[in-house]
Each structure stands twice: as C-alpha cells, then as structure tokens.
Amino acid sequence: MDGEFDYLIVGAGSAGCVLAERLSADGRSRVLVLEAGGSDRRFFVQVPLGYGKLYHDPRVNWCYRTEPDPGLAGQADYWPRGKVLGGSSAINAMVWIRGHPQDYEDWRAAGNPGWGWDEARAAFRAIEDNEDGPCDLRGAGGPLFIRSNRMPGHSLVEPFLAACESLGLKRNADFNGADQEGVGIYQLTIRDGRRNSAARAFLRPALKRPNVALRSDAQVTRILFDGRRATGVEYRWKGRTCTARAGEVIVSGGAINSPQVLMLSGVGPGADLQAMGIPVLHDQPNVGANLSDHQGINYTWRAHVPTMNDLLRPWWGKLRVGLRYLARRDGPLSLSINHAGGFFRTDPGRDRPNMQLYFQAFSTLLPRPGQRPVLNPDPFSGLSIGLSNCRPGSRGKIALGSPDPFAPPRIFANVFSTEGDIAEMLDAVKMLRRIAAARPLADLLDEELRPGPQVRTDAELIADIRARSGTVFHPACTCRMGPDPAHAVVDARLRVHGLDGLRVCDASAFPALIAGNTNAPAMLMGWLGAARILEDRRAGA
C-alpha cells in the first residue's frame, strides 16, 4: 500500500471493478482500489435467489432511505445499494439489459463523442461471454459470462408469455438483440448456478496481478487536492485515518456516493457546502443534481395452480430446494426473482418502448418488518406482474445531510413530479390487468389481490400508484456527462470540469437514464471509461 499509484479507484462496484481490470491489464500501471464495504464471499451473495436476504442486510448494503416524497403520497422510499465488493452487482436481481440503442445515440447527440451505439455495442461484445455464442450483437469469450436462460424457470412463464402475445406483444428471444421490444426470458449474470458479479468477473482476475492493490472496509472521507489538482484521498480503515496518493483519482461510488464524496471534498453547490461548513474548492451546482431513477409497481393475483409460493413457503420445500442447490447448483435458488419480462409502449406513437415488464411466479404480500421475503413467500398460491417506467421525466437530487462523511446523504427522489410520468404509469397498469385477463393466464388466476378489484377509476389507480410504487434500484445521472459545465459535472472523457486529475466513472455520469436495468451500462462506463483514461495517458493529456 506504500508509495504513489497511477490510478486510485474509489469504489469496487460495477464500474470500479471493470476499471481495476482494464487499467491494470498492462501489468505496469499501479492501481489501488478502495471499497467501503467488505468481502462478497457470503453464501447469500453467491446464491442467486439469496437476493431477498441481502435486501436489508447492513453488512452488504447501505440501506438508504429517501426524504418523504410527495410523489409517493408523502412516504419515504427504501433504497438498497451495495456496500460490498462488487457493489450493487453483488446484491441485485442479475438481469442483463444493455438498453435501447437509441438511448446511446441520445448520449452522443447530447455532445458526448465516443458514447454512441456503435461504441457501446463494440464494448458490450468485448465484455460479454454470452451462453448463446457470438453474433453481430452478442459477444463471446469476454470476461463476463451471461446466462441466456433459454429454459423457463417456472411452468407459469409460458402462460404469461402467451397472454402477452394475445395482446400483440411479440416474443423476443434476446432483449439485447436487434430489437428490445417484446416479451421473453431475461439474460442473467449467473454462472454455474452462482451470482456473476463485477467482483467475480473483473476484480478477482485483476487482483492476481502484482500491480493491483485492494483495501476493503476502507471508506473514503474526502479527496485531497494540490490547488485544483486531485492528488489522492483520505479514508478511514480499522479506526485509523489513512491517505493514499495517485496520479489520477477516479470516483466510482455510484449515483449516491459519488456526489457525496465530491461534496465532502468541497466540489458541489457552493452555498450548500458553505452552510455545512465545508470549504468550497469548486462551486459546481450540478453535483448531486439531475437524479433520475426508474419507478415500479407490482400487481398480485391468487392462482389456483401451484406457484413458487407452494415450493418455497413450507419447511420441507425450503429443505428440498436447498439440498438440490447444494448438490447440483440448479433449481429455484439458482434463478433470479424475475422469471420473465419484456418491454412495451403505452402509446404506439412512441418511437421506442417506455415500459419494462417483470413476471414473478411468486408473491410477497405479507412481508416481515425489515425483510423482503423472497425465500419465505405468501402462504397461498400467488404471482405478481410488475412494471417500471423507462424514461421518467422527474428529477431529484442528492444532498449532504451532514459534513460527517459517515452520515447518510439526503435523497430527494422527487418521483412522479411530472404529469407525463403519472399519465404513462396509469396507461401501463391498465396493461397489467389486460395481461391477467388474457388467456391462457386468465384461466389460472382466481382473484386480484393488489390493488384489488375495488380500485377501478383513474383517480383510484393513480392514488394506488403513488401509495405502492417505489424505486427499482436504478438511480443515475447525479454527476452527469456533458460538454457544458453549466449543465454537467464531467466531460466526455469523464474528467470533472474545472479540475485536474479527477474523474467520475459510474452510473452517476450517465447523461440520461437508459431503458432497462442499469448494471450493464454501469459496467460499460467502466469499460469505455478505462479506454478514455488509457488514451489520454498515451497522449500525455
């Protein structure tokens, strides 16, 4: 740990792990990774359906809560984020979605050269080792194995897909293929029955190199500067305050922690920092602003055929699936909670899908406090169909709650604050009911349990949306990329505008939220970000 490093990466999450592998690949550049969380070598981290056990576990999770939100009927939402090697890729639902190609073209068109679909597609193909093998769009032989999930995880998947087809939604065998729209089975970051996080795919191979160092349980408290050049960081480790120096500091803490670290270091909204007693190094009001996140809601039905509730609820069922997993690494525990899904448009006049579907062959209406009982579902046969918006117009912000670096930041999600967001969610939940009413799925259902048949009018449906919706864990854009420092924090090479030796590389730098799960594009940020960093070093920039 002694001496100066070429690169210091703050955060071993989806982007940070990729950065560590790519920046150290030459075998010469000295790379230090600092991660506030601890080891991911935990049973329920490795077991795919163990996701539910990680949902409220402070040993691997920041367990954030938002400020009370008018858009959610005044409720405070719960935001789990990974505090562990692998970051949120170690506690997520493992769905691998690249995003719609036009999303990346929008990034490029916003003044970010090198971030269009052509560059993104090439990078994804290099990242992936897809079970279905290579093609013009899929990659094979890359560091990250992607399970194709050709076989349905439950017998109810086929009736769900057939019901969607009867409503005009086409079957789609690959949401990362030529077209995102339609319904099918998700590709997953699962390998040999185990979660395939960024730590497993990228960080562990990097740590085999002598030029890579990792310090976990090390929380960065501020970035150090010499004038306007970042020179290192200060961090707490084992009760001690330590410092580390590097030629470049790359903040990869994610959409919540990256702006928090910048603000603690005097980089952010000047008046807010002064009010906290933090000396202002660089007045940049966009740090923490432009927060964008996908919001979702589930509808739940009682079924008169067995669901995963019947298998996972009784003690003997838990024993059976547990023994099967330990012996063969397959069965229900080797799956994601999302057994199928897809993308659709609430209005055929839209140029691309604006809603994502999630089908779960189980239900969890009776949660225990502080738990998400995926492994202990309802004591009856139930299933859920959920959705989330792909391109919300609402914007929130991250702010400091205290100058204490160990105090949680304040999250102002500000969801459903535009009429357009509510209008499209209203159209979307009506689609959920149409799916449930379509055969053959309708033949298997007894009654709607949530929100229930008594919720019928538009006003009642909107009230339910506000009462029961919440994050689907895709916050982004809080240090967004763009050419103009009046509207963005970093440039297209991820350099913080107005400062030297400092970059931000993670989902916080997204210029705009993409359609779909954000783990894949967060890894893309690390891959393309590393390429920019290495190019600049060769050019002496």
# chains A, B, ... in the order shown; residues from 1 in each chain; ligands from 1

$ closest_atom_pairs --of "segment 347-433 of chain A" --to "segment 62-69 of chain A" --cutoff "9 Å" --atoms "only C-alpha atoms" --output "JSON lines"
{"residue": "A:Pro408", "atom": "CA", "partner": "A:Tyr64", "partner_atom": "CA", "distance": 7.3}
{"residue": "A:Pro409", "atom": "CA", "partner": "A:Tyr64", "partner_atom": "CA", "distance": 8.5}
{"residue": "A:Arg410", "atom": "CA", "partner": "A:Thr66", "partner_atom": "CA", "distance": 6.6}
{"residue": "A:Ile411", "atom": "CA", "partner": "A:Thr66", "partner_atom": "CA", "distance": 4.6}
{"residue": "A:Phe412", "atom": "CA", "partner": "A:Glu67", "partner_atom": "CA", "distance": 5.5}
{"residue": "A:Ala413", "atom": "CA", "partner": "A:Thr66", "partner_atom": "CA", "distance": 6.6}
{"residue": "A:Asn414", "atom": "CA", "partner": "A:Asp69", "partner_atom": "CA", "distance": 6.1}
{"residue": "A:Val415", "atom": "CA", "partner": "A:Asp69", "partner_atom": "CA", "distance": 7.3}

$ closest_atom_pairs --of "segment 380-477 of chain A" --to "segment 143-164 of chain A" --cutoff "9 Å" --atoms "only C-alpha atoms" --output "JSON lines"
{"residue": "A:Arg434", "atom": "CA", "partner": "A:Cys164", "partner_atom": "CA", "distance": 8.7}
{"residue": "A:Ile435", "atom": "CA", "partner": "A:Ala163", "partner_atom": "CA", "distance": 5.8}
{"residue": "A:Ala436", "atom": "CA", "partner": "A:Ala163", "partner_atom": "CA", "distance": 7.5}
{"residue": "A:Ala437", "atom": "CA", "partner": "A:Ala163", "partner_atom": "CA", "distance": 8.2}
{"residue": "A:Ala438", "atom": "CA", "partner": "A:Ala163", "partner_atom": "CA", "distance": 5.1}
{"residue": "A:Arg439", "atom": "CA", "partner": "A:Ala163", "partner_atom": "CA", "distance": 5.4}
{"residue": "A:Pro440", "atom": "CA", "partner": "A:Pro159", "partner_atom": "CA", "distance": 5.4}
{"residue": "A:Leu441", "atom": "CA", "partner": "A:Pro159", "partner_atom": "CA", "distance": 5.0}
{"residue": "A:Ala442", "atom": "CA", "partner": "A:Ala163", "partner_atom": "CA", "distance": 8.1}
{"residue": "A:Leu444", "atom": "CA", "partner": "A:Pro159", "partner_atom": "CA", "distance": 8.7}

$ write_last_selection --atoms "C-alpha atoms" --output "short mmCIF file (atom, residue, chain, number, x, y, z; two decimals), in the first residue's frame"
data_model
loop_
_atom_site.label_atom_id
_atom_site.label_comp_id
_atom_site.auth_asym_id
_atom_site.auth_seq_id
_atom_site.Cartn_x
_atom_site.Cartn_y
_atom_site.Cartn_z
CA ARG A 434 -55.23 -6.77 -19.61
CA ILE A 435 -52.42 -9.32 -19.43
CA ALA A 436 -54.00 -11.04 -16.42
CA ALA A 437 -57.37 -11.10 -18.17
CA ALA A 438 -55.95 -12.69 -21.31
CA ARG A 439 -55.92 -16.42 -21.89
CA PRO A 440 -54.27 -18.73 -21.11
CA LEU A 441 -53.06 -16.87 -18.00
CA ALA A 442 -56.60 -15.80 -17.02
CA LEU A 444 -55.12 -19.98 -13.94
#

$ closest_residue --among "A:Ala539, A:Cys505, A:Leu262, A:Ala109" --to "Pro285 of chain A" --atoms "only C-alpha atoms"
A:Leu262

$ residues_around --residues "Asp347 of chain A" --least-positions-apart "5" --cutoff "12 Å" --atoms "only C-alpha atoms" --output "count of residues only"
11

$ closest_residue --among "A:Leu494, A:Ile97, A:Leu400, A:Ala520" --to "Asp536 of chain A" --atoms "only C-alpha atoms"
A:Leu494

$ atom_distance --atom1 "atom CA of Phe175 of chain A" --atom2 "atom CA of Leu311 of chain A"
29.2 Å

$ select_by_dssp --residues "segment 411-495 of chain A" --states "strand (DSSP E or B)" --output "VMD selection string"
chain A and resid 411 to 412 445 to 450 470 to 471 476 481 490 495
